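What follows is a single structure, written as structure tokens, with notes after it.
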There are 2 protein chains.
Amino acid sequence: MIKINENFLELQESYLFATIAKKVAEFTKENPDKKVIKLGIGDVTRPIPQAVLKAMHEATDEFQKTESFRGYGPEQGYDFLREKIRDNDYKSRGIQIDTDEIFVSDGAKCDCGNIVDVFSENNKVAITDPVYPVYLDTNVMTGRSGKYNKEQGKYENIVYIPATAKNNFVPELPKEKVDMIYLCYPNNPTGTTLTKEQLKIWVDYAKENKSIILFDAAYEAFITDENVPHSIYEIEGAKEVAIEFRSFSKTAGFTGIRCAFAVIPKELKGYTESGEKIELNKLWNRRQCTKFNGVSYVTQRAAEAIYSEEGKKQVKENINYYKENAKIIKKGLEEAGYTVYGGVNSPYVWLKLPDGTKSWDFFDKLLKEANVVGTPGVGFGPSGEGYFRLTGFGTKENTIEAIERIKKMK
Amino acid sequence: MIKINENFLELQESYLFATIAKKVAEFTKENPDKKVIKLGIGDVTRPIPQAVLKAMHEATDEFQKTESFRGYGPEQGYDFLREKIRDNDYKSRGIQIDTDEIFVSDGAKCDCGNIVDVFSENNKVAITDPVYPVYLDTNVMTGRSGKYNKEQGKYENIVYIPATAKNNFVPELPKEKVDMIYLCYPNNPTGTTLTKEQLKIWVDYAKENKSIILFDAAYEAFITDENVPHSIYEIEGAKEVAIEFRSFSKTAGFTGIRCAFAVIPKELKGYTESGEKIELNKLWNRRQCTKFNGVSYVTQRAAEAIYSEEGKKQVKENINYYKENAKIIKKGLEEAGYTVYGGVNSPYVWLKLPDGTKSWDFFDKLLKEANVVGTPGVGFGPSGEGYFRLTGFGTKENTIEAIERIKKMK
């Protein structure tokens, strides 16, 4: 009898974006004359830089002839891309990362999700709360979460570390020992960041407790403040305790093109039950060679082009466009009397709702009165209740209009 | 303390292709004047059809403007591609598959590897022997294999089902009950097939034992014999017991472009320990939505183009080219007195070595005397010992020359 992985049955249905879509569809049907503006999405909208498209056309042409045809590529990614990553994302910041510590993939979601393969079920997992749901769900699937407590909105074996206005979005070290720690900075959904000193506290904790930090830096390109680290490896000792996930999705508009990478330094070790040290780089390499066949050659050439002079310039223009939108949202909402976080080193603006206002109630009000769609904070975890996410990924014109409408709300 | 998944330590290092590469490199260094012909690879070499390249260029251009920009696509694949698959791969053969039973992915290797996520560790796994190593290794990683027995070359909890000349490459039903059965037809590495009647025996077994068949049909495009099924769903009742994996890699030269799909019919159920029936389609959908972000839009448009009239014609030309090579190998080796299997509905030719000849010894002899590279059968499992794989994926000229050289071998 074929038995299923019953951990899957512990997963809570994620109604967040489905519910949003349904509510918007209903509203549009009832109000066909109203122009709904969506500032809830985490997806980019700007065209892909010309330098990148040029590289894609050229790469496509290589498949025309036997002499230049590209078959299976290396599972870890082509060196032409890994070298660009090494030099531009790390060496330029004084970080020494070797190409064989860089694993090119088709998405940070895949990497964040698949990384759990190499770890034992017997690890205690900590997530900040609110959080990108993938960290949690992939651990539920693999049996690290225990049962779901409906009342608390939490899994019993997961350590939730609140990051809210109360602690100024700086998560505190957990009281109990944890083994796997997910950190995402600049943060999704709150748009907040940690300084180097604040991140160092976590690196030190991980070193002391032989924990691992799974550091999601998908939004690093949005950082402008000097003391906000782009990479966790800017913190001394982090190479011994952290895996870093990066993505080209938000950086260069690759959500439909699919490219990302993970960095697993060779210094980083896991342990067997008997205490033997094992190189995680080797385990991940084996995992990728067995269950993955590399990223589309065309996509890898596209990613390479981001690092050209022209590519960098064009990427920066897009990033600035989204950041300008985030600024407009932040400024406008502050003028309207709201308390607002994020939106500086991030495309995300995290709105603290007036005391007592629930996330979903605000969603309904915003849709009805301003015809604007956002994302209820509670959808990202129990500590997100009373908050609301808006994003800078729309057009400038729509963003301005949306904010004007919100300002006029009662 | 971060604990690793110790199942990974049970993996045997796969030295097969690394050893081949090393031996070839050494030979080339010592014999720089000799022209080595590689007929060992499982990778395609023909240019991608023009219709496909045209679609890729057009899809790339869509990213130029905000109006046509494509962000995150559906995790399951775009409907434009799923509908083409439904109509051309299934409906055309009288098989009713719905689009939401088709999951587009970036590779059959990924699908075959990741599918184990949705099953309990407590399943008995059966593989035919010799076999594509991914089925085995991904089950080792997830704890279903038990310990490796070096002497036997086998894992203690895996049921190995020999498919050799002795049983005419028709694997017999296992004596003990098994839950997960991997079948790959047309077979890699042997190039042999099962008739509908032979496959039906497995479907009936699975129904009777509530087992699941993981059917890898990556090479179905090479089938010409009428009674060889292209899909396991041509067998009555298979939708209740089988997942089918397909790939565009060998069909249309997509090894560097990355596209495949898995079919999980809604009729297909797994069981909880307490015997409750669970739809596997739903579990896989949840897995993909959580750990995958869809295939590159450009790649999906490329795959769609395979199904155009022009695309089909061009794909067929490539397939015929490889098949012609396989025929040349088969015919030539038979003339040279070898016993040869496969090579008819498959790009793979499986050579039975003269009694007592070991796979690696033949490899060395072939390299030294004919300067031809093949793949030792034993690399695919213990029952592959005494066999050797050659493939039709080279150029016609090289294939002819290689066979001429082999014929002259002592």
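Naming scheme: A, B, ... for chains in displayed order of the structure tokens; residues 1 onward per chain; ligands 1 onward as shown.
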Note to self: I need the strand (DSSP E) residues of stretch 238-296 of chain B per DSSP on the backbone, written as a list in words.
What the structure shows: Ala242, Ile243, Glu244, Phe245, Arg246, Ser247, Ala260, Phe261, Ala262, Val263, Lys269, Gly270, Tyr271, Lys277, Ile278 and Glu279 of chain B
For the selection just defined, write its residues with N, CA, C and O atoms to a file, as a JSON list (two decimals), in the first residue's frame.
[["chain", "number", "residue", "atom", "x", "y", "z"],
["B", 242, "ALA", "N", -0.76, 5.18, -11.53],
["B", 242, "ALA", "CA", 0.53, 5.62, -12.09],
["B", 242, "ALA", "C", 0.67, 7.13, -12.24],
["B", 242, "ALA", "O", -0.26, 7.84, -12.58],
["B", 243, "ILE", "N", 1.89, 7.58, -11.96],
["B", 243, "ILE", "CA", 2.34, 8.93, -12.31],
["B", 243, "ILE", "C", 3.23, 8.78, -13.54],
["B", 243, "ILE", "O", 4.02, 7.84, -13.61],
["B", 244, "GLU", "N", 3.06, 9.68, -14.50],
["B", 244, "GLU", "CA", 3.90, 9.59, -15.69],
["B", 244, "GLU", "C", 4.81, 10.81, -15.79],
["B", 244, "GLU", "O", 4.36, 11.94, -15.62],
["B", 245, "PHE", "N", 6.08, 10.56, -16.07],
["B", 245, "PHE", "CA", 7.05, 11.64, -16.26],
["B", 245, "PHE", "C", 7.42, 11.73, -17.73],
["B", 245, "PHE", "O", 7.73, 10.72, -18.36],
["B", 246, "ARG", "N", 7.36, 12.94, -18.26],
["B", 246, "ARG", "CA", 7.75, 13.17, -19.65],
["B", 246, "ARG", "C", 8.79, 14.27, -19.71],
["B", 246, "ARG", "O", 8.87, 15.09, -18.80],
["B", 247, "SER", "N", 9.49, 14.33, -20.79],
["B", 247, "SER", "CA", 10.55, 15.32, -20.93],
["B", 247, "SER", "C", 10.63, 15.83, -22.35],
["B", 247, "SER", "O", 10.35, 15.10, -23.29],
["B", 260, "ALA", "N", 9.96, 19.89, -18.87],
["B", 260, "ALA", "CA", 9.43, 18.54, -18.74],
["B", 260, "ALA", "C", 8.05, 18.66, -18.13],
["B", 260, "ALA", "O", 7.58, 19.77, -17.87],
["B", 261, "PHE", "N", 7.39, 17.54, -17.94],
["B", 261, "PHE", "CA", 6.14, 17.60, -17.18],
["B", 261, "PHE", "C", 5.83, 16.25, -16.53],
["B", 261, "PHE", "O", 6.35, 15.21, -16.95],
["B", 262, "ALA", "N", 5.02, 16.32, -15.51],
["B", 262, "ALA", "CA", 4.55, 15.12, -14.82],
["B", 262, "ALA", "C", 3.04, 15.10, -14.90],
["B", 262, "ALA", "O", 2.39, 16.16, -14.87],
["B", 263, "VAL", "N", 2.47, 13.91, -15.03],
["B", 263, "VAL", "CA", 1.02, 13.77, -15.05],
["B", 263, "VAL", "C", 0.59, 13.01, -13.79],
["B", 263, "VAL", "O", 1.10, 11.91, -13.52],
["B", 269, "LYS", "N", -4.66, 7.74, -5.86],
["B", 269, "LYS", "CA", -4.71, 8.00, -4.42],
["B", 269, "LYS", "C", -3.53, 7.36, -3.70],
["B", 269, "LYS", "O", -3.03, 6.31, -4.10],
["B", 270, "GLY", "N", -3.13, 8.02, -2.62],
["B", 270, "GLY", "CA", -2.21, 7.42, -1.67],
["B", 270, "GLY", "C", -2.99, 7.17, -0.40],
["B", 270, "GLY", "O", -4.17, 7.51, -0.30],
["B", 271, "TYR", "N", -2.33, 6.59, 0.58],
["B", 271, "TYR", "CA", -3.03, 6.23, 1.81],
["B", 271, "TYR", "C", -2.30, 6.75, 3.04],
["B", 271, "TYR", "O", -1.07, 6.83, 3.06],
["B", 277, "LYS", "N", -7.83, 7.52, 2.12],
["B", 277, "LYS", "CA", -7.37, 7.80, 0.76],
["B", 277, "LYS", "C", -7.10, 9.29, 0.57],
["B", 277, "LYS", "O", -7.93, 10.12, 0.94],
["B", 278, "ILE", "N", -5.97, 9.62, -0.03],
["B", 278, "ILE", "CA", -5.60, 11.02, -0.27],
["B", 278, "ILE", "C", -5.22, 11.20, -1.74],
["B", 278, "ILE", "O", -4.44, 10.42, -2.28],
["B", 279, "GLU", "N", -5.77, 12.25, -2.35],
["B", 279, "GLU", "CA", -5.45, 12.55, -3.75],
["B", 279, "GLU", "C", -4.00, 12.99, -3.88],
["B", 279, "GLU", "O", -3.61, 14.02, -3.33]]
Margin query: Can you tell me which residues surround stretch 371-376 of chain B at a distance of at most 9 Å, considering only C-alpha atoms, apart from same-chain residues fewer than 3 positions away, and format the answer as a count of residues only?
Written below: 38
Note to self: Give me the residues near A:Phe103 as a VMD selection string, where near means some atom within 10 Å (using only C-alpha atoms) and where sequence neighbours in that chain fewer than 6 positions away do not count.
What the structure shows: chain A and resid 74 to 78 82 111 245 260 to 264 281 284 to 285 288 294
Print the selection's residues with N, CA, C and O atoms to a file, as an mmCIF file, in the first residue's frame.
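This went into result_28.cif:
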data_model
loop_
_atom_site.group_PDB
_atom_site.id
_atom_site.type_symbol
_atom_site.label_atom_id
_atom_site.label_comp_id
_atom_site.auth_asym_id
_atom_site.auth_seq_id
_atom_site.Cartn_x
_atom_site.Cartn_y
_atom_site.Cartn_z
ATOM 1 N N PRO A 74 26.330 22.400 -16.346
ATOM 2 C CA PRO A 74 26.655 21.941 -14.994
ATOM 3 C C PRO A 74 25.468 22.177 -14.051
ATOM 4 O O PRO A 74 24.830 23.235 -14.129
ATOM 5 N N GLU A 75 25.178 21.214 -13.205
ATOM 6 C CA GLU A 75 24.061 21.352 -12.259
ATOM 7 C C GLU A 75 24.237 22.579 -11.372
ATOM 8 O O GLU A 75 23.271 23.171 -10.910
ATOM 9 N N GLN A 76 25.460 22.949 -11.118
ATOM 10 C CA GLN A 76 25.760 24.061 -10.208
ATOM 11 C C GLN A 76 25.722 25.413 -10.898
ATOM 12 O O GLN A 76 25.871 26.450 -10.253
ATOM 13 N N GLY A 77 25.565 25.400 -12.210
ATOM 14 C CA GLY A 77 25.592 26.656 -12.957
ATOM 15 C C GLY A 77 26.878 26.792 -13.747
ATOM 16 O O GLY A 77 27.900 26.195 -13.402
ATOM 17 N N TYR A 78 26.818 27.577 -14.818
ATOM 18 C CA TYR A 78 28.010 27.812 -15.645
ATOM 19 C C TYR A 78 28.986 28.723 -14.903
ATOM 20 O O TYR A 78 28.573 29.643 -14.197
ATOM 21 N N ARG A 82 28.871 32.111 -12.402
ATOM 22 C CA ARG A 82 29.362 32.007 -11.024
ATOM 23 C C ARG A 82 30.524 32.974 -10.763
ATOM 24 O O ARG A 82 30.657 33.525 -9.667
ATOM 25 N N ASP A 111 15.329 27.079 -3.678
ATOM 26 C CA ASP A 111 16.483 26.852 -2.809
ATOM 27 C C ASP A 111 16.080 26.831 -1.339
ATOM 28 O O ASP A 111 16.467 25.931 -0.589
ATOM 29 N N PHE A 245 20.836 32.995 0.491
ATOM 30 C CA PHE A 245 20.014 32.846 -0.712
ATOM 31 C C PHE A 245 19.882 34.200 -1.399
ATOM 32 O O PHE A 245 19.559 35.197 -0.746
ATOM 33 N N ALA A 260 18.332 32.332 -9.672
ATOM 34 C CA ALA A 260 18.699 32.678 -8.307
ATOM 35 C C ALA A 260 19.989 31.936 -7.992
ATOM 36 O O ALA A 260 20.522 31.218 -8.835
ATOM 37 N N PHE A 261 20.493 32.131 -6.786
ATOM 38 C CA PHE A 261 21.620 31.292 -6.366
ATOM 39 C C PHE A 261 21.700 31.189 -4.857
ATOM 40 O O PHE A 261 21.145 32.022 -4.130
ATOM 41 N N ALA A 262 22.359 30.126 -4.423
ATOM 42 C CA ALA A 262 22.609 29.926 -2.997
ATOM 43 C C ALA A 262 24.113 29.863 -2.795
ATOM 44 O O ALA A 262 24.836 29.360 -3.655
ATOM 45 N N VAL A 263 24.554 30.402 -1.669
ATOM 46 C CA VAL A 263 25.978 30.334 -1.335
ATOM 47 C C VAL A 263 26.139 29.438 -0.115
ATOM 48 O O VAL A 263 25.506 29.662 0.917
ATOM 49 N N ILE A 264 26.954 28.398 -0.264
ATOM 50 C CA ILE A 264 27.226 27.498 0.857
ATOM 51 C C ILE A 264 28.737 27.389 1.020
ATOM 52 O O ILE A 264 29.407 26.632 0.312
ATOM 53 N N ASN A 281 28.359 22.039 2.004
ATOM 54 C CA ASN A 281 28.565 22.303 0.579
ATOM 55 C C ASN A 281 28.530 20.993 -0.223
ATOM 56 O O ASN A 281 27.913 20.921 -1.288
ATOM 57 N N TRP A 284 24.893 19.544 -0.308
ATOM 58 C CA TRP A 284 24.025 20.276 -1.230
ATOM 59 C C TRP A 284 24.415 19.983 -2.682
ATOM 60 O O TRP A 284 23.558 19.832 -3.553
ATOM 61 N N ASN A 285 25.708 19.879 -2.918
ATOM 62 C CA ASN A 285 26.168 19.546 -4.264
ATOM 63 C C ASN A 285 25.612 18.194 -4.700
ATOM 64 O O ASN A 285 25.132 18.032 -5.820
ATOM 65 N N GLN A 288 21.860 18.580 -5.423
ATOM 66 C CA GLN A 288 21.601 19.250 -6.689
ATOM 67 C C GLN A 288 21.954 18.354 -7.880
ATOM 68 O O GLN A 288 21.220 18.309 -8.860
ATOM 69 N N GLY A 294 20.302 21.849 -13.556
ATOM 70 C CA GLY A 294 20.821 23.148 -13.963
ATOM 71 C C GLY A 294 19.737 24.067 -14.500
ATOM 72 O O GLY A 294 18.615 23.659 -14.765
#
Report as a tab-separated table: every residue of stretch 2-37 of chain B with an atom at most 12 Å from stretch 170-179 of chain A, its closest pair of atoms, and their distance in Å to one decimal, counting only C-alpha atoms, with rows sorted by chain and ascending residue number.
residue	atom	partner	partner_atom	distance
B:Ile2	CA	A:Asp179	CA	4.9
B:Lys3	CA	A:Asp179	CA	7.9
B:Ile4	CA	A:Asp179	CA	10.7
Check: To one decimal place, how far is atom CA of A:Lys124 from atom CA of A:Cys289 in Å?
Finding: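 If I compute the distance from atom CA of A:Lys124 to atom CA of A:Cys289, I get 27.2 Å.
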Checklist line | Nearest residue to chain A from the set B:Asp33, B:Glu226, B:Glu121, B:Asp216 (distances using only C-alpha atoms) | finding: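 Counting only C-alpha atoms, the residue closest to chain A is B:Glu121.
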Item checked: Nearest to B:Glu397, chosen from B:Tyr15, B:Phe169, B:Tyr322, B:Phe80, with only C-alpha atoms counted in the distances -> B:Tyr322
Note to self: List the spatial neighbours of B:Lys250 as a PyMOL selection string - criterion: any atom at most 10 Å away, only C-alpha atoms, same-chain residues fewer than 2 positions off excluded.
What the structure shows: chain B and resi 42-45+218-222+246-248+252-255+315+318-319+322+347+393
Checklist line | Neighbour list for stretch 194-205 of chain A as number ranges by chain, cut-off 12 Å, only C-alpha atoms, skip fewer than 4 positions in-chain | finding: A: 126, 163, 168-187, 190, 209-215, 217, 220, 223, 225-243, 342, 345; B: 1
Margin query: Using only C-alpha atoms, which protein or nucleic acid residues come within 9 Å of A:Asn7? Drop anything in the same chain fewer than 2 positions from it, and give the result as a VMD selection string.
Written below: (chain A and resid 4 to 5 9 to 11 140 to 146) or (chain B and resid 118 120)
Note to self: As an exercise, work out the distance from atom CA of B:Lys109 to atom CA of A:Thr60 in Å and give it to one decimal place.
What the structure shows: 23.0 Å
Next item on the list: Identify, with DSSP run on backbone atoms, the residues in stretch 21-75 of chain A assigned to helix (DSSP H, G or I), and express the list as JSON, numbers by chain.
Entry: {"A": [21, 22, 23, 24, 25, 26, 27, 28, 29, 30, 50, 51, 52, 53, 54, 55, 56, 57, 58, 59, 60, 61, 62, 63, 64]}
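Comparing A:Cys110, A:Leu81, A:Ala51, A:Ile95 by their smallest distance to chain B, the closest is A:Cys110 (using only C-alpha atoms).
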Margin query: I need the residue nearest chain A from this list: B:Arg86, B:Lys330, B:His57, B:Lys312. Use only C-alpha atoms for the distance.
Written below: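 Ranked by minimum distance to chain A, first place goes to B:His57.
Proximity of B:Asn123, B:Gln300, B:Ser308, B:Thr28 to chain A, computed with only C-alpha atoms, is greatest for B:Asn123.
Atom CA of B:Gly343 is positioned 11.1 Å from atom CA of B:Thr224.
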Notebook entry, point to check: Hey, which of B:Glu404, B:Asp98, B:Glu273, B:Glu26 ends up closest to chain A? Count only C-alpha atoms.
Noted result: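 That would be B:Glu273, the residue with the smallest distance to chain A.
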